[in-house]
>>> print(open('run.txt').read())   # compact mmCIF, C-alpha atoms
# COMPACT_ATOMS: atom_id res chain seq x y z
CA MET A 177 13.72 40.70 -21.70
CA SER A 178 16.70 38.35 -21.82
CA GLU A 179 17.25 35.70 -24.49
CA SER A 180 16.46 32.92 -22.01
CA GLN A 181 13.17 34.59 -21.07
CA VAL A 182 12.20 34.56 -24.75
CA LEU A 183 13.47 31.10 -25.74
CA PHE A 184 12.57 29.03 -22.68
CA PRO A 185 8.76 29.50 -22.92
CA ALA A 186 8.96 28.88 -26.68
CA GLU A 187 10.81 25.61 -26.09
CA ILE A 188 8.24 24.57 -23.48
CA ALA A 189 5.39 25.40 -25.87
CA LEU A 190 6.95 23.35 -28.67
CA LEU A 191 7.67 20.42 -26.36
CA PHE A 192 4.29 20.16 -24.67
CA GLY A 193 2.36 21.26 -27.75
CA GLY A 194 4.12 18.55 -29.73
CA MET A 195 3.32 15.98 -27.06
CA ALA A 196 -0.35 17.03 -27.06
CA LEU A 197 -0.52 16.72 -30.85
CA ALA A 198 1.20 13.33 -30.78
CA ALA A 199 -1.32 12.05 -28.22
CA GLY A 200 -4.48 13.73 -29.48
CA GLY A 201 -3.79 14.72 -33.08
CA ILE A 202 -5.53 11.68 -34.55
CA PHE A 203 -8.68 12.51 -32.58
CA MET A 204 -8.58 16.08 -33.92
CA LEU A 205 -8.48 14.63 -37.44
CA ALA A 206 -11.40 12.32 -36.61
CA ILE A 207 -13.47 15.26 -35.35
CA GLN A 208 -12.55 17.30 -38.43
CA TYR A 209 -13.52 14.49 -40.82
CA ARG A 210 -16.74 13.80 -38.91
CA ARG A 211 -17.77 17.46 -39.04
CA PHE A 212 -16.75 18.42 -42.57
CA GLY A 213 -16.83 15.11 -44.44
CA ARG A 214 -13.18 15.37 -45.42
CA LEU A 215 -9.77 16.45 -44.18
CA SER A 216 -8.42 19.89 -44.98
CA MET A 217 -4.64 20.34 -44.89
CA VAL A 218 -4.99 24.05 -44.13
CA HIS A 219 -7.48 23.43 -41.33
CA THR A 220 -5.26 20.66 -39.92
CA LEU A 221 -2.16 22.88 -39.90
CA ALA A 222 -4.10 25.78 -38.40
CA THR A 223 -5.43 23.51 -35.65
CA ALA A 224 -1.95 22.18 -34.89
CA GLY A 225 -0.61 25.73 -34.81
CA THR A 226 -3.39 26.73 -32.44
CA VAL A 227 -2.46 23.97 -29.98
CA ILE A 228 1.18 25.11 -29.89
CA TYR A 229 0.09 28.76 -29.71
CA LEU A 230 -2.11 28.12 -26.66
CA PHE A 231 0.77 26.41 -24.90
CA ALA A 232 2.95 29.41 -25.81
CA VAL A 233 0.45 31.83 -24.28
CA GLY A 234 0.41 29.80 -21.08
CA ALA A 235 4.20 29.51 -21.01
CA TYR A 236 4.89 33.20 -21.60
CA THR A 237 2.37 34.34 -19.01
CA MET A 238 3.06 31.77 -16.26
CA LEU A 239 6.72 30.71 -16.51
CA PRO A 240 9.10 30.47 -14.84
CA LEU A 241 7.33 28.92 -11.88
CA PRO A 242 8.66 29.39 -8.33
CA ALA A 243 10.66 26.51 -6.84
CA SER A 244 7.99 26.05 -4.14
CA LYS A 245 5.13 27.83 -2.44
CA ALA A 246 7.41 28.76 0.46
CA ALA A 247 9.93 30.27 -1.96
CA SER A 248 7.25 32.33 -3.70
CA CYS A 249 5.92 33.60 -0.39
CA ALA A 250 9.41 34.53 0.78
CA ALA A 251 10.28 36.29 -2.48
CA ASN A 252 7.09 38.39 -2.40
CA THR A 253 7.55 39.46 -6.03
CA GLY A 254 3.90 39.46 -7.03
CA GLY A 255 1.44 42.26 -6.89
CA VAL A 256 -1.52 43.91 -8.55
CA GLU A 257 -1.74 47.02 -10.74
CA LEU A 258 -5.20 48.52 -11.21
CA ASP A 259 -4.32 51.70 -13.14
CA PRO A 260 -6.27 51.55 -16.43
CA LEU A 261 -4.18 54.41 -17.86
CA GLY A 262 -0.90 52.72 -17.00
CA PRO A 263 -0.04 51.62 -20.58
CA LEU A 264 -0.63 55.15 -21.92
CA ARG A 265 1.62 56.70 -19.26
CA GLN A 266 4.31 54.12 -19.94
CA LEU A 267 4.18 54.82 -23.68
CA ARG A 268 4.45 58.57 -23.08
CA GLU A 269 7.50 58.04 -20.91
CA VAL A 270 9.34 55.77 -23.34
CA PHE A 271 8.57 57.97 -26.38
CA ALA A 272 9.60 61.23 -24.68
CA PRO A 273 13.42 60.80 -25.11
CA GLY A 274 13.10 59.89 -28.79
CA ILE A 275 12.51 56.91 -31.07
CA SER A 276 15.99 55.47 -30.54
CA HIS A 277 15.39 55.27 -26.78
CA THR A 278 11.94 53.79 -27.37
CA LEU A 279 13.24 50.91 -29.51
CA HIS A 280 15.74 50.01 -26.79
CA SER A 281 13.23 50.25 -23.96
CA GLY A 282 12.19 47.07 -22.22
CA THR A 283 8.93 48.73 -21.18
CA PHE A 284 8.01 49.44 -24.81
CA TRP A 285 8.70 45.87 -25.92
CA GLN A 286 6.79 44.49 -22.95
CA LEU A 287 3.71 46.46 -24.04
CA ALA A 288 4.24 45.54 -27.69
CA LEU A 289 4.57 41.84 -26.90
CA ASN A 290 1.38 41.94 -24.83
CA VAL A 291 -0.41 43.16 -27.97
CA ILE A 292 1.40 40.84 -30.40
CA LEU A 293 0.79 37.76 -28.23
CA PHE A 294 -2.99 38.06 -28.69
CA ILE A 295 -3.11 38.98 -32.38
CA PRO A 296 -3.14 35.27 -33.41
CA PHE A 297 -5.94 34.74 -30.88
CA GLY A 298 -8.25 37.11 -32.77
CA ILE A 299 -7.31 35.64 -36.15
CA LEU A 300 -7.89 32.04 -35.06
CA ALA A 301 -11.13 32.83 -33.22
CA VAL A 302 -12.66 34.30 -36.38
CA ARG A 303 -11.18 32.00 -39.03
CA LEU A 304 -10.67 28.66 -37.28
CA LEU A 305 -13.65 28.80 -34.90
CA GLY A 306 -15.89 30.90 -37.14
CA MET A 307 -16.82 33.26 -34.30
CA HIS A 308 -18.55 36.60 -34.76
CA PRO A 309 -15.94 39.43 -34.58
CA VAL A 310 -17.46 40.93 -31.44
CA ALA A 311 -17.61 37.53 -29.72
CA ALA A 312 -13.98 36.87 -30.73
CA VAL A 313 -12.81 40.11 -29.09
CA MET A 314 -14.83 39.32 -25.97
CA LEU A 315 -13.30 35.83 -25.85
CA GLY A 316 -9.84 37.39 -26.10
CA ALA A 317 -10.66 39.69 -23.18
CA LEU A 318 -12.00 36.74 -21.16
CA ALA A 319 -8.84 34.72 -21.88
CA SER A 320 -6.67 37.62 -20.75
CA LEU A 321 -8.80 38.10 -17.63
CA THR A 322 -8.36 34.41 -16.82
CA ILE A 323 -4.59 34.77 -17.14
CA GLU A 324 -4.53 37.81 -14.86
CA ALA A 325 -6.76 36.03 -12.32
CA THR A 326 -4.39 33.06 -12.39
CA GLN A 327 -1.43 35.35 -11.81
CA TYR A 328 -3.25 37.24 -9.06
CA THR A 329 -4.06 34.03 -7.17
CA GLY A 330 -0.67 32.36 -7.73
CA LEU A 331 -2.11 29.57 -9.86
CA PHE A 332 -5.20 29.52 -7.64
CA GLY A 333 -3.30 28.96 -4.43
CA VAL A 334 -0.59 26.57 -5.63
CA PHE A 335 1.94 29.37 -4.96
CA CYS A 336 1.90 32.77 -3.33
CA ARG A 337 1.41 35.58 -5.84
CA TYR A 338 4.64 35.60 -7.88
CA ARG A 339 3.73 37.81 -10.84
CA VAL A 340 2.03 41.17 -11.19
CA ALA A 341 -1.62 41.02 -12.21
CA ASP A 342 -2.05 44.17 -14.29
CA VAL A 343 -5.23 45.65 -15.70
CA GLY A 344 -2.97 47.22 -18.34
CA ASP A 345 -2.10 43.73 -19.58
CA LEU A 346 -5.80 43.01 -19.90
CA GLU A 347 -6.18 46.12 -22.07
CA THR A 348 -3.17 45.44 -24.30
CA ASN A 349 -4.09 41.76 -24.72
CA THR A 350 -7.63 42.74 -25.72
CA LEU A 351 -6.21 45.29 -28.16
CA GLY A 352 -4.13 42.51 -29.70
CA ALA A 353 -7.22 40.32 -30.06
CA LEU A 354 -9.05 43.23 -31.72
CA ILE A 355 -6.20 43.75 -34.19
CA GLY A 356 -6.23 40.02 -34.93
CA VAL A 357 -9.99 40.10 -35.58
CA LEU A 358 -9.61 43.02 -37.99
CA LEU A 359 -6.80 41.20 -39.82
CA ALA A 360 -8.93 38.05 -40.03
CA LEU A 361 -11.62 40.01 -41.87
CA THR A 362 -9.19 41.05 -44.62
CA PRO A 363 -8.35 38.92 -47.70
CA LEU A 364 -4.97 38.20 -46.10
CA PHE A 365 -6.39 35.28 -44.07
CA ARG A 366 -9.16 34.02 -46.32
CA TRP A 367 -7.01 30.97 -47.05
CA ILE A 368 -8.04 29.69 -43.60
CA HIS A 369 -11.56 28.45 -44.30
CA THR A 370 -14.09 28.94 -41.53
CA PRO A 371 -16.11 25.97 -40.22
CA GLN A 372 -19.15 27.40 -41.99
CA GLN A 373 -17.31 27.39 -45.32
CA LEU A 374 -16.08 23.82 -44.83
CA GLU A 375 -19.55 22.63 -43.84
CA ALA A 376 -21.04 24.29 -46.92
CA SER A 377 -18.55 22.49 -49.17
CA ALA A 378 -19.35 19.05 -47.71
CA GLN A 379 -20.74 16.82 -50.44
CA TRP A 380 -21.39 13.23 -51.45
CA ARG A 381 -18.20 11.29 -52.13
CA PRO A 382 -17.79 7.66 -53.21
CA VAL A 383 -16.24 4.95 -51.06
CA THR A 384 -12.51 4.88 -51.67
CA ARG A 385 -9.62 2.88 -50.28
CA GLY A 386 -8.27 5.99 -48.60
CA ARG A 387 -11.58 6.72 -46.94
CA ARG A 388 -11.82 3.17 -45.61
CA LEU A 389 -8.23 3.37 -44.39
CA TRP A 390 -8.91 6.57 -42.46
CA GLY A 391 -11.92 4.88 -40.88
CA MET A 392 -9.71 1.99 -39.78
CA ILE A 393 -7.07 4.38 -38.39
CA PHE A 394 -9.70 6.28 -36.41
CA ASP A 395 -11.12 3.00 -35.08
CA LEU A 396 -7.65 1.94 -33.93
CA ALA A 397 -7.21 5.29 -32.19
CA PHE A 398 -10.51 4.99 -30.31
CA ILE A 399 -9.87 1.36 -29.37
CA THR A 400 -6.27 2.01 -28.31
CA ALA A 401 -7.33 4.94 -26.12
CA ALA A 402 -10.04 2.84 -24.46
CA ILE A 403 -7.63 -0.05 -23.90
CA ALA A 404 -4.99 2.30 -22.44
CA PHE A 405 -7.59 3.71 -20.04
CA ALA A 406 -8.64 0.19 -19.03
CA GLU A 407 -5.03 -0.83 -18.43
CA VAL A 408 -4.38 2.22 -16.24
CA LEU A 409 -7.56 1.59 -14.25
CA GLN A 410 -6.68 -2.08 -13.91
CA ALA A 411 -3.16 -1.25 -12.68
CA LEU A 412 -4.53 1.20 -10.12
CA ALA A 413 -7.17 -1.27 -8.92
CA LEU A 414 -4.52 -3.92 -8.31
CA GLU A 415 -2.20 -1.54 -6.48
CA PRO A 416 -2.24 -2.32 -2.71
CA ALA A 417 -1.74 1.35 -1.80
CA VAL A 418 -4.89 2.31 -3.71
CA ARG A 419 -6.89 -0.45 -2.07
CA THR A 420 -5.71 0.69 1.36
CA PHE A 421 -6.50 4.33 0.57
CA LEU A 422 -10.04 3.48 -0.59
CA GLY A 423 -10.60 0.98 2.19
CA THR A 424 -12.00 -1.70 -0.10
CA SER A 425 -11.38 -5.44 -0.23
CA GLN A 426 -9.09 -7.18 -2.67
CA ASP A 427 -12.03 -8.97 -4.31
CA THR A 428 -13.78 -5.67 -4.91
CA MET A 429 -10.71 -4.16 -6.56
CA ARG A 430 -10.27 -7.23 -8.74
CA ALA A 431 -13.86 -6.81 -9.87
CA VAL A 432 -13.09 -3.16 -10.68
CA SER A 433 -10.00 -4.19 -12.69
CA SER A 434 -12.13 -6.61 -14.74
CA ALA A 435 -14.93 -4.08 -15.19
CA ALA A 436 -12.43 -1.62 -16.66
CA TRP A 437 -12.52 -3.63 -19.88
CA VAL A 438 -16.19 -2.80 -20.36
CA LEU A 439 -15.13 0.50 -21.94
CA PRO A 440 -13.16 -0.88 -24.92
CA SER A 441 -15.89 -3.49 -25.40
CA ALA A 442 -18.49 -0.73 -25.51
CA VAL A 443 -16.41 1.31 -27.98
CA VAL A 444 -16.58 -1.65 -30.39
CA LEU A 445 -20.05 -3.06 -29.74
CA LEU A 446 -22.38 -0.13 -29.05
CA PRO A 447 -21.96 1.61 -32.44
CA LEU A 448 -22.86 -1.67 -34.18
CA LEU A 449 -26.29 -1.63 -32.57
CA GLY A 450 -27.21 1.56 -34.44
CA ALA A 451 -29.11 1.44 -37.72
CA ARG A 452 -25.94 2.16 -39.69
CA ARG A 453 -24.02 -0.81 -38.19
CA ALA A 454 -20.92 1.34 -38.60
CA SER A 455 -18.02 1.61 -36.16
CA LEU A 456 -16.98 4.91 -34.61
CA GLY A 457 -14.20 5.34 -37.16
CA GLN A 458 -16.54 4.59 -40.07
CA ARG A 459 -19.05 7.09 -38.72
CA CYS A 460 -16.28 9.70 -38.66
CA VAL A 461 -15.64 9.19 -42.39
CA TRP A 462 -19.37 9.19 -43.22
CA LEU A 463 -19.73 5.50 -44.06
CA ASP A 464 -22.70 3.24 -43.37
CA VAL A 465 -22.59 -0.57 -43.40
CA SER A 466 -25.35 -2.30 -45.37
CA ARG A 467 -26.15 -5.24 -47.58
CA PRO A 468 -25.04 -4.94 -51.24
CA ASP A 469 -28.63 -4.06 -52.20
CA GLY A 470 -28.70 -1.21 -49.71
CA ALA A 471 -30.84 -2.98 -47.10
CA ARG A 472 -29.97 -2.67 -43.42
CA ALA A 473 -27.38 -5.20 -42.29
CA PRO A 474 -28.40 -7.62 -39.50
CA VAL A 475 -26.68 -7.15 -36.16
CA ALA A 476 -25.04 -10.58 -36.35
CA LEU A 477 -23.50 -9.83 -39.75
CA GLY A 478 -22.41 -6.42 -38.57
CA LEU A 479 -20.70 -7.99 -35.58
CA TRP A 480 -19.04 -10.62 -37.76
CA ARG A 481 -17.74 -7.91 -40.10
CA ALA A 482 -16.35 -5.94 -37.14
CA LEU A 483 -14.59 -9.00 -35.68
CA LEU A 484 -12.82 -9.55 -39.00
CA GLY A 485 -11.33 -6.07 -38.75
CA THR A 486 -10.54 -3.69 -35.91
CA GLY A 487 -13.09 -5.44 -33.69
CA GLY A 488 -11.00 -8.61 -33.82
CA TYR A 489 -7.94 -6.66 -32.74
CA ALA A 490 -9.95 -5.20 -29.85
CA ALA A 491 -11.29 -8.63 -28.82
CA LEU A 492 -7.78 -10.13 -28.70
CA SER A 493 -6.43 -7.13 -26.78
CA ILE A 494 -9.28 -7.33 -24.25
CA ALA A 495 -8.69 -11.05 -23.80
CA GLU A 496 -5.02 -10.34 -23.22
CA GLY A 497 -5.91 -7.84 -20.49
CA LEU A 498 -8.44 -10.05 -18.76
CA VAL A 499 -6.43 -13.28 -18.71
CA THR A 500 -3.85 -13.36 -15.96
CA GLY A 501 -0.48 -14.37 -17.36
CA SER A 502 -1.76 -14.31 -20.94
CA PRO A 503 0.62 -15.88 -23.47
CA ALA A 504 2.89 -13.62 -25.52
CA TRP A 505 1.48 -15.00 -28.77
CA LEU A 506 -1.86 -13.37 -28.01
CA SER A 507 -0.30 -9.92 -28.33
CA THR A 508 1.48 -10.98 -31.51
CA LEU A 509 -1.77 -12.34 -32.93
CA SER A 510 -3.68 -9.11 -32.27
CA GLY A 511 -0.99 -7.10 -34.07
CA ALA A 512 -0.87 -9.53 -36.98
CA TRP A 513 -4.67 -9.50 -37.19
CA ILE A 514 -4.96 -5.76 -37.74
CA LEU A 515 -1.88 -5.70 -39.98
CA ALA A 516 -3.42 -8.34 -42.25
CA ALA A 517 -6.68 -6.40 -42.43
CA GLY A 518 -4.80 -3.22 -43.34
CA ILE A 519 -2.67 -4.88 -46.02
CA PHE A 520 -5.72 -6.54 -47.59
CA LEU A 521 -7.47 -3.17 -47.72
CA LEU A 522 -4.48 -1.52 -49.39
CA PHE A 523 -4.55 -4.05 -52.23
CA ASP A 524 -8.32 -4.44 -52.49
CA ARG A 525 -9.41 -2.65 -55.67
CA SER A 526 -12.97 -2.22 -54.45
CA GLY A 527 -11.85 -0.57 -51.23
CA ARG A 528 -14.20 -2.79 -49.23
CA GLY A 529 -11.53 -4.71 -47.35
CA LEU A 530 -11.39 -8.22 -45.92
CA SER A 531 -14.12 -7.71 -43.31
CA ALA A 532 -16.75 -6.55 -45.81
CA ARG A 533 -15.89 -9.19 -48.41
CA ALA A 534 -15.96 -12.07 -45.93
CA SER A 535 -19.24 -10.95 -44.35
CA GLY A 536 -20.93 -10.18 -47.67
CA LEU A 537 -21.62 -6.59 -46.61
CA ASP A 538 -20.87 -3.31 -48.32
CA PHE A 539 -20.25 0.32 -47.43
CA ALA A 540 -22.56 3.14 -48.42
CA PRO A 541 -21.26 6.73 -48.38
CA ARG A 542 -23.47 8.95 -46.26
CA SER A 543 -24.38 12.27 -47.84
CA ALA A 544 -24.04 15.73 -46.37
CA PRO A 545 -27.31 17.15 -45.00
CA GLU A 546 -27.95 19.29 -48.08
CA SER A 547 -26.45 17.00 -50.72
CA ALA A 548 -27.59 13.74 -52.19
CA PRO A 549 -25.84 10.91 -54.00
CA PRO A 550 -26.10 10.91 -57.78
CA ARG A 551 -28.95 8.88 -59.19
>>> encode(input="run.txt", output="structure tokens")
Amino acid sequence: MSESQVLFPAEIALLFGGMALAAGGIFMLAIQYRRFGRLSMVHTLATAGTVIYLFAVGAYTMLPLPASKAASCAANTGGVELDPLGPLRQLREVFAPGISHTLHSGTFWQLALNVILFIPFGILAVRLLGMHPVAAVMLGALASLTIEATQYTGLFGVFCRYRVADVGDLETNTLGALIGVLLALTPLFRWIHTPQQLEASAQWRPVTRGRRLWGMIFDLAFITAAIAFAEVLQALALEPAVRTFLGTSQDTMRAVSSAAWVLPSAVVLLPLLGARRASLGQRCVWLDVSRPDGARAPVALGLWRALLGTGGYAALSIAEGLVTGSPAWLSTLSGAWILAAGIFLLFDRSGRGLSARASGLDFAPRSAPESAPPR
């Protein structure tokens, strides 16, 4: 295997894995906080590593791609190998001349890399996902089978078959997953806490400035994603080519472009109708909104509190998207609005923030299912 064959897939994995983490990392943190009641640095790093690892598996098993389907059909380099004893025969052949020959054999390193590539899979399936060891090995085998099926079909018909689908690869990949599972069961990887361990350690925690700030960050992520989706849908609806392709009238597409903003509105408003009156971000950090005496907050007050924070930013952004030729100051105002709310929260000793203080509401930390707040 040449240096370029080793480095190119790794570079692709780092590039696209990094892009995926940049775009979706904040949502992974939100899910982690929502599930375990806190953020774990080890769990976060393991999750980030898993994303890059999965891109690496795809890159090493699928790249380089053919220039075109015609080129792959003309090259006719793909095939299928159904000999289940193939890896054993290959090992016998490379070991026969001696260990020095073996260590310089491309066949040996190809087999070894097939095993090594799936060792992290077994470790992560057991430790990060908390899977049963047998299920983890089966998942590894299923993942390898999916890869071989993809190679056999040429990316499911995108190309002609351009790589060899080998049952021996399925066996060596599964062996790697098995080795990973066995390693995961040793003390060597106990530092990666399983989901069950993290859930068991979830406990009541007081409202802090940091906790409120994470809730605001998560809210901004959800709102920004919804607004980005609405903007894309609006742009497509106003594109003449799309209207021609769908065969719909201009008025209908304009209605679609306006309706796109229902999503960010729903992201802000619907959670406030629940008994907790908490936004999506606040729900992720286990916070409920209530009156200072603990009574349920009225919907109107909950809405007013939201508009003084991330909800106000969302309202201004939605107005900017709906109004044709909206003034530039509207965008500036929405940014200044959320910046002011964030700065106030950073310097608010109580950790309640501007929205809670102005609305007269408070935040109550929600307990884990098996824990209760101190009396």
>>> closest_residue(input="run.txt", among="A:Leu315, A:Ala376, A:Ile188, A:Ala436", to="A:Arg214", atoms="all atoms listed in the file")
A:Ala376
>>> closest_residue(input="run.txt", among="A:Ala360, A:Leu293, A:Leu221, A:Leu305", to="A:Gln373", atoms="all atoms listed in the file")
A:Leu305
>>> atom_distance(input="run.txt", atom1="atom CA of A:Ala251", atom2="atom CA of A:Ala189")
26.3 Å
>>> atom_distance(input="run.txt", atom1="atom CA of A:Ala246", atom2="atom CA of A:Gly333")
11.8 Å
>>> residues_near_point(input="run.txt", point="(-17.7, -10.9, -41.5)", cutoff="12 Å", atoms="all atoms listed in the file", output="PyMOL selection string")
chain A and resi 465+467+473-488+517+528-538
>>> write_last_selection(input="run.txt", atoms="C-alpha atoms", output="PDB file, in the frame of the given file")
ATOM      1  CA  VAL A 465     -22.590  -0.570 -43.400  1.00  0.00           C
ATOM      2  CA  ARG A 467     -26.150  -5.240 -47.580  1.00  0.00           C
ATOM      3  CA  ALA A 473     -27.380  -5.200 -42.290  1.00  0.00           C
ATOM      4  CA  PRO A 474     -28.400  -7.620 -39.500  1.00  0.00           C
ATOM      5  CA  VAL A 475     -26.680  -7.150 -36.160  1.00  0.00           C
ATOM      6  CA  ALA A 476     -25.040 -10.580 -36.350  1.00  0.00           C
ATOM      7  CA  LEU A 477     -23.500  -9.830 -39.750  1.00  0.00           C
ATOM      8  CA  GLY A 478     -22.410  -6.420 -38.570  1.00  0.00           C
ATOM      9  CA  LEU A 479     -20.700  -7.990 -35.580  1.00  0.00           C
ATOM     10  CA  TRP A 480     -19.040 -10.620 -37.760  1.00  0.00           C
ATOM     11  CA  ARG A 481     -17.740  -7.910 -40.100  1.00  0.00           C
ATOM     12  CA  ALA A 482     -16.350  -5.940 -37.140  1.00  0.00           C
ATOM     13  CA  LEU A 483     -14.590  -9.000 -35.680  1.00  0.00           C
ATOM     14  CA  LEU A 484     -12.820  -9.550 -39.000  1.00  0.00           C
ATOM     15  CA  GLY A 485     -11.330  -6.070 -38.750  1.00  0.00           C
ATOM     16  CA  THR A 486     -10.540  -3.690 -35.910  1.00  0.00           C
ATOM     17  CA  GLY A 487     -13.090  -5.440 -33.690  1.00  0.00           C
ATOM     18  CA  GLY A 488     -11.000  -8.610 -33.820  1.00  0.00           C
ATOM     19  CA  ALA A 517      -6.680  -6.400 -42.430  1.00  0.00           C
ATOM     20  CA  ARG A 528     -14.200  -2.790 -49.230  1.00  0.00           C
ATOM     21  CA  GLY A 529     -11.530  -4.710 -47.350  1.00  0.00           C
ATOM     22  CA  LEU A 530     -11.390  -8.220 -45.920  1.00  0.00           C
ATOM     23  CA  SER A 531     -14.120  -7.710 -43.310  1.00  0.00           C
ATOM     24  CA  ALA A 532     -16.750  -6.550 -45.810  1.00  0.00           C
ATOM     25  CA  ARG A 533     -15.890  -9.190 -48.410  1.00  0.00           C
ATOM     26  CA  ALA A 534     -15.960 -12.070 -45.930  1.00  0.00           C
ATOM     27  CA  SER A 535     -19.240 -10.950 -44.350  1.00  0.00           C
ATOM     28  CA  GLY A 536     -20.930 -10.180 -47.670  1.00  0.00           C
ATOM     29  CA  LEU A 537     -21.620  -6.590 -46.610  1.00  0.00           C
ATOM     30  CA  ASP A 538     -20.870  -3.310 -48.320  1.00  0.00           C
TER      31      ASP A 538
END
>>> atom_distance(input="run.txt", atom1="atom CA of A:Leu331", atom2="atom CA of A:Gly356")
27.5 Å
>>> closest_residue(input="run.txt", among="A:Thr278, A:Thr237, A:Ser434, A:Gln426", to="A:Leu321", atoms="only C-alpha atoms")
A:Thr237
>>> residues_around(input="run.txt", residues="A:Thr322", least_positions_apart="3", cutoff="12 Å", atoms="all atoms listed in the file", output="number ranges by chain")
A: 233-234, 237-238, 315-319, 325-329, 331-332, 341-343, 345-346, 349
>>> closest_residue(input="run.txt", among="A:Pro242, A:Pro541, A:Gly213, A:Gly497", to="A:Thr384", atoms="all atoms listed in the file")
A:Pro541
>>> closest_residue(input="run.txt", among="A:Arg339, A:Ala417, A:Leu448, A:Val357", to="A:Pro309", atoms="only C-alpha atoms")
A:Val357
>>> closest_residue(input="run.txt", among="A:Ser507, A:Ser493, A:Thr283, A:Ser466", to="A:Phe539", atoms="only C-alpha atoms")
A:Ser466
>>> residues_around(input="run.txt", residues="A:Ala186", least_positions_apart="3", cutoff="8 Å", atoms="all atoms listed in the file", output="MDAnalysis selection string")
chainID A and resid 182:183 189:190 232 235:236
>>> residues_around(input="run.txt", residues="A:Pro440", least_positions_apart="4", cutoff="6 Å", atoms="only C-alpha atoms", output="MDAnalysis selection string")
chainID A and resid 399 402:403
>>> build_atoms(input="run.txt", residues="stretch 446-450 of chain A", atoms="all heavy atoms", output="short mmCIF file (atom, residue, chain, number, x, y, z; two decimals), in the frame of the given file")
data_model
loop_
_atom_site.label_atom_id
_atom_site.label_comp_id
_atom_site.auth_asym_id
_atom_site.auth_seq_id
_atom_site.Cartn_x
_atom_site.Cartn_y
_atom_site.Cartn_z
N LEU A 446 -21.22 -1.03 -29.06
CA LEU A 446 -22.38 -0.13 -29.05
C LEU A 446 -22.66 0.52 -30.40
O LEU A 446 -23.83 0.59 -30.82
CB LEU A 446 -22.21 0.94 -27.97
CG LEU A 446 -22.34 0.45 -26.52
CD1 LEU A 446 -22.22 1.62 -25.55
CD2 LEU A 446 -23.68 -0.27 -26.32
N PRO A 447 -21.64 1.02 -31.13
CA PRO A 447 -21.96 1.61 -32.44
C PRO A 447 -22.60 0.63 -33.41
O PRO A 447 -23.38 1.02 -34.29
CB PRO A 447 -20.59 2.08 -32.95
CG PRO A 447 -19.77 2.26 -31.73
CD PRO A 447 -20.22 1.18 -30.79
N LEU A 448 -22.30 -0.67 -33.26
CA LEU A 448 -22.86 -1.67 -34.18
C LEU A 448 -24.35 -1.89 -33.98
O LEU A 448 -25.01 -2.45 -34.85
CB LEU A 448 -22.12 -3.00 -34.00
CG LEU A 448 -20.60 -2.97 -34.17
CD1 LEU A 448 -20.02 -4.36 -33.99
CD2 LEU A 448 -20.22 -2.41 -35.54
N LEU A 449 -24.87 -1.46 -32.84
CA LEU A 449 -26.29 -1.63 -32.57
C LEU A 449 -27.14 -0.57 -33.25
O LEU A 449 -28.36 -0.68 -33.34
CB LEU A 449 -26.54 -1.60 -31.05
CG LEU A 449 -25.81 -2.68 -30.24
CD1 LEU A 449 -26.14 -2.53 -28.76
CD2 LEU A 449 -26.16 -4.07 -30.74
N GLY A 450 -26.48 0.51 -33.73
CA GLY A 450 -27.21 1.56 -34.44
C GLY A 450 -27.66 1.08 -35.81
O GLY A 450 -27.21 0.06 -36.33
#
